[in-house]
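Asks: The structure is given below, and queries will be raised subsequently.
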Amino acid sequence: MEAVLTRHLDPNAPLGLQAYRAAGGYRSLDAAFDRKPEEIIEIVEAANLRGRGGAGFPCGLKWRLRGADAPHPRYLICNLDESEPGTFKDRYLLYGGPHQIIEAAIVSAYALQAEQVVIFVRGEYAKGGNGLKCAIEEAERAGLVGSNIRGSGFSLQIKVHLSSGRYICGEETAMTNAIEGRRPNPRPKIPRQSVKGLWDQPTTSNNVETLVNVPHILLNGANWFRDVGVNGGCGPKLFCVSGMVQRPGLFELPCGTPARELIFEHAGGLAEGHALLGFIPGGASTAFLLPKHLDVPMDFDPVAKAGSRLGTGSIIVLDDTTCPVQATLNLTRFFARESCGFCTPCRDGMPYLAQILTAIAAGEGQAEDLALLEELCGIITSHSFCAFAPGGVEPLVSSLQCFREHYESHIATGRCPFDAANKSGA
Amino acid sequence: MNDKLNRQVLQKHLAQLPATHPERRAAILPMMQALQIERGYLDDAAVEEVAHFTGLSTTEVEELATFYSLIYRRPVGRHVLRVCDSVCCSLRGADQLLVVAEKYSGVPLGKVTPDGAFSVLPSICLGLCDQAPAALVDGEAVGPLDEAALQALLQRLQVEG
């Protein structure tokens, strides 16, 4: 397919305002201002644009549910706190084309009639965040951001909130707390952010990749967007492929592209002579899939049907030199470390899981550990406060099913077979 | 130390907070970031200054200062190397890189080398999985790294002082 979102991306030399406009940038503002806000929401709904940040919630529906009569001021938060292991697509969007993000923020805020956009940038992307700030100033000077944009009567401020680390800040209610200067613990789901979010005002949060699709939908139409996808998917999708492949990278392809094509064609396949053990399809908080799932279209519903989630569309590949117990331990440690600590099942449960896995990986596991792990995962999932821990145990639960024999062999032999293999091969 | 300049930066940020959200506490993170740039890390005096400015108690400031992984409450080296240890980098050798970095620096991870040149900190995913194993050197991305490249990098940081 022809590149859409990555067409003008260049992390080494992102387009300035003039060059971006010469390349057709900011044209969607006219397409937006010629329409009523609710018409834009209808188009986005018709396009079936689903959230690219992990949850896959329909963007248009989210916008409609906020309500046309929501009180002012209203906020739109653009989530650029990408921290999901395996995921680096938002980094490309930020470093490669800040004006594309600004254009998306303007038309999306217009659809929502929000007077302020906060772009939440993770601290590790500080240089990209500074580039974005400069681009916003450029856009302000050109009258694209500010009061009465191009005589439309619509006024907008765009702010960058530069964060300072911690995965949980990407959770939308934790993000709200972070922006307000509070400890970034997630908030209760009720009242909803759309009713009482940032500064207790109606707030809508979208991942940056979701938003950058909106200008293209406005310019090309909902049918175009649906036609871009394959195998039932809609629109272009930024896929990341990393781990044990020859050419890890970012690939913009139709949503619904099978994992096999991504791994073996675009990412160059595995190292010579090695076989695929399994892969994670959507970033660290999604369940493992096996070689038999390679032909599953990388789209929300088919991946869910296969027992995992499309998540951020970030494939992490394990080959036959990779110990799945070790990889799962790494993932579990990540979630143990990044727990915000607010609720006990997550704060204490995740390190407990990591501790048991550490013993198994070191060949010191007990036969009953596997049942204990499964029981703990169930308790943690059903008793934790937010979606962090349920996501955190997803790879572990699936790993225990997909790679059961590896766990059993670690326990039975009292050692990691991959350690021996790697050592003898070295 | 350029406290005056720093305050100007902070004042500017506060002045920019729109009337719709007048709470001073919203400036807490930008303040901590600015003070850290100024001082290398957030020392006790900086915590007190943030508390004074935001109207929060030092305990409340501490709560946030210790929450954020990029806010340092202890001194760090003149250069900070953050080595990703999440799954994609780990699959491609990050664990060994951390062992090498610790050995080379002669102090445990997180501590400052005796000459004050650098600190090596393990980090969660840096969003550099396509360059795994990767690291950030004073905020700049480097990768893929191997042991030799890492040692050369640390040596360079030491020479630069």
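Here's how to read the names in the structure tokens: chain A, B, ... by the order shown, residue numbers from 1 in each chain, ligand numbers from 1 in the order shown.
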Need to verify the contact set: Leu5 (chain A), 8 Å, only C-alpha atoms, exclusion of same-chain residues closer than 2 positions in sequence. Can you return it as a PDB file with N, CA and C atoms, in the first residue's frame?

Replies:
ATOM      1  N   ALA A   3       2.197   4.593   1.377  1.00  0.00           N
ATOM      2  CA  ALA A   3       2.337   5.066   2.760  1.00  0.00           C
ATOM      3  C   ALA A   3       1.391   6.240   3.012  1.00  0.00           C
ATOM      4  N   ARG A   7       4.251   8.750   5.248  1.00  0.00           N
ATOM      5  CA  ARG A   7       4.644   9.287   3.940  1.00  0.00           C
ATOM      6  C   ARG A   7       5.674  10.413   4.064  1.00  0.00           C
ATOM      7  N   HIS A   8       5.440  11.301   4.980  1.00  0.00           N
ATOM      8  CA  HIS A   8       6.356  12.443   5.102  1.00  0.00           C
ATOM      9  C   HIS A   8       7.184  12.385   6.384  1.00  0.00           C
ATOM     10  N   LEU A   9       7.305  11.200   6.941  1.00  0.00           N
ATOM     11  CA  LEU A   9       8.065  11.080   8.188  1.00  0.00           C
ATOM     12  C   LEU A   9       9.553  10.981   7.899  1.00  0.00           C
ATOM     13  N   VAL A 212      -3.600  10.727  14.264  1.00  0.00           N
ATOM     14  CA  VAL A 212      -3.013  11.125  12.973  1.00  0.00           C
ATOM     15  C   VAL A 212      -3.748  10.492  11.796  1.00  0.00           C
ATOM     16  N   ASN A 213      -4.624   9.533  12.049  1.00  0.00           N
ATOM     17  CA  ASN A 213      -5.453   8.996  10.970  1.00  0.00           C
ATOM     18  C   ASN A 213      -6.577   9.956  10.586  1.00  0.00           C
ATOM     19  N   PRO A 236      -4.769   2.238   7.540  1.00  0.00           N
ATOM     20  CA  PRO A 236      -3.349   1.893   7.660  1.00  0.00           C
ATOM     21  C   PRO A 236      -3.016   1.625   9.124  1.00  0.00           C
ATOM     22  N   GLU A 252       4.470   0.379   7.932  1.00  0.00           N
ATOM     23  CA  GLU A 252       3.090   0.830   7.767  1.00  0.00           C
ATOM     24  C   GLU A 252       2.422  -0.026   6.712  1.00  0.00           C
TER      25      GLU A 252
END

Asks: Using only C-alpha atoms, which chain B residues lie at most 6 Å away from chain A, written as a ChimeraX atom specification?

Replies: /B:25-26,28,64,68-70,87-88,125,127,129-130

Asks: Using only C-alpha atoms, pick whichever of A:Cys402, A:Asn130, A:His266, A:Pro58 has the shortest atom-to-atom distance to Pro291 (chain A).

Replies: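 Using only C-alpha atoms, the shortest distance to Pro291 (chain A) belongs to A:Cys402.
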
Asks: Between CA of Ile43 (chain A) and CA of Ile102 (chain A), what is the distance in Å, rounded to a tenth?

Replies: 19.9 Å

Asks: When you look at region 360-365 of chain A with a cut-off of 8 Å (counting only C-alpha atoms), what residues show up, excluding the ones that are within fewer than 2 positions of it in the same chain? I need them as a list in words.

Replies: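 Listing them by chain and then by number gives Val325, Gln326, Leu329, Ile356, Leu357, Thr358, Ala367, Asp369, Tyr407, His410, Ile411, Thr413, Gly414, Arg415 and Cys416 of chain A.
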
Asks: To test your reading of the structure, identify every residue in chain B that backbone DSSP assigns to alpha helix (DSSP H), and report it as a PyMOL selection string.

Replies: chain B and resi 3-16+28-39+44-54+58-65+87-91+94-105+147-160

Asks: Considering only C-alpha atoms, can you say which of A:Val195, A:His293, A:Ala259, A:Asp299 comes closest to Ile315 (chain A)?

Replies: A:Ala259

Asks: Near region 109-115 of chain A, within 9 Å and counting only C-alpha atoms, which residues show up once chain neighbours fewer than 3 positions away are dropped, as a ChimeraX atom specification?

Replies: /A:32-33,36-41,63-64,66-68,72-76,104-106,154-158,202-204

Asks: May I have the residues within 12 Å of His383 (chain A) as a VMD selection string, using only C-alpha atoms and disregarding those fewer than 5 positions away in the same chain?

Replies: chain A and resid 343 to 349 376 to 378 388 to 390

Asks: Between CA of Gln100 (chain A) and CA of Gly143 (chain A), what is the distance in Å, rounded to a tenth?

Replies: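 According to the coordinates, CA of Gln100 (chain A) and CA of Gly143 (chain A) are separated by 15.9 Å.
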
Asks: Enumerate the residues of region 174-403 of chain A with a DSSP assignment of strand (DSSP E or B), computed from the backbone, and present them as a ChimeraX atom specification.

Replies: /A:203-207,236-243,249-254,258,276-280,289,297,314-319

Asks: Please, what distance in Å, to one decimal, runs between CA of Leu276 (chain A) and CA of Val100 (chain B)?

Replies: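 A separation of 29.1 Å between them.
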
Asks: Near Gly110 (chain B), within 6 Å and counting only C-alpha atoms, which residues show up once chain neighbours fewer than 2 positions away are dropped, as a VMD selection string?

Replies: chain B and resid 119 to 121

Asks: Keeping only N, CA, C and O atoms, write those residues as an mmCIF file, in the first residue's frame.

Replies:
data_model
loop_
_atom_site.group_PDB
_atom_site.id
_atom_site.type_symbol
_atom_site.label_atom_id
_atom_site.label_comp_id
_atom_site.auth_asym_id
_atom_site.auth_seq_id
_atom_site.Cartn_x
_atom_site.Cartn_y
_atom_site.Cartn_z
ATOM 1 N N SER B 119 26.941 7.484 35.441
ATOM 2 C CA SER B 119 26.126 6.497 36.149
ATOM 3 C C SER B 119 25.469 5.632 35.084
ATOM 4 O O SER B 119 25.068 6.141 34.034
ATOM 5 N N VAL B 120 25.378 4.347 35.356
ATOM 6 C CA VAL B 120 24.658 3.445 34.460
ATOM 7 C C VAL B 120 23.375 3.020 35.176
ATOM 8 O O VAL B 120 23.427 2.512 36.295
ATOM 9 N N LEU B 121 22.254 3.270 34.541
ATOM 10 C CA LEU B 121 20.965 2.913 35.139
ATOM 11 C C LEU B 121 20.218 1.959 34.217
ATOM 12 O O LEU B 121 20.082 2.238 33.029
#
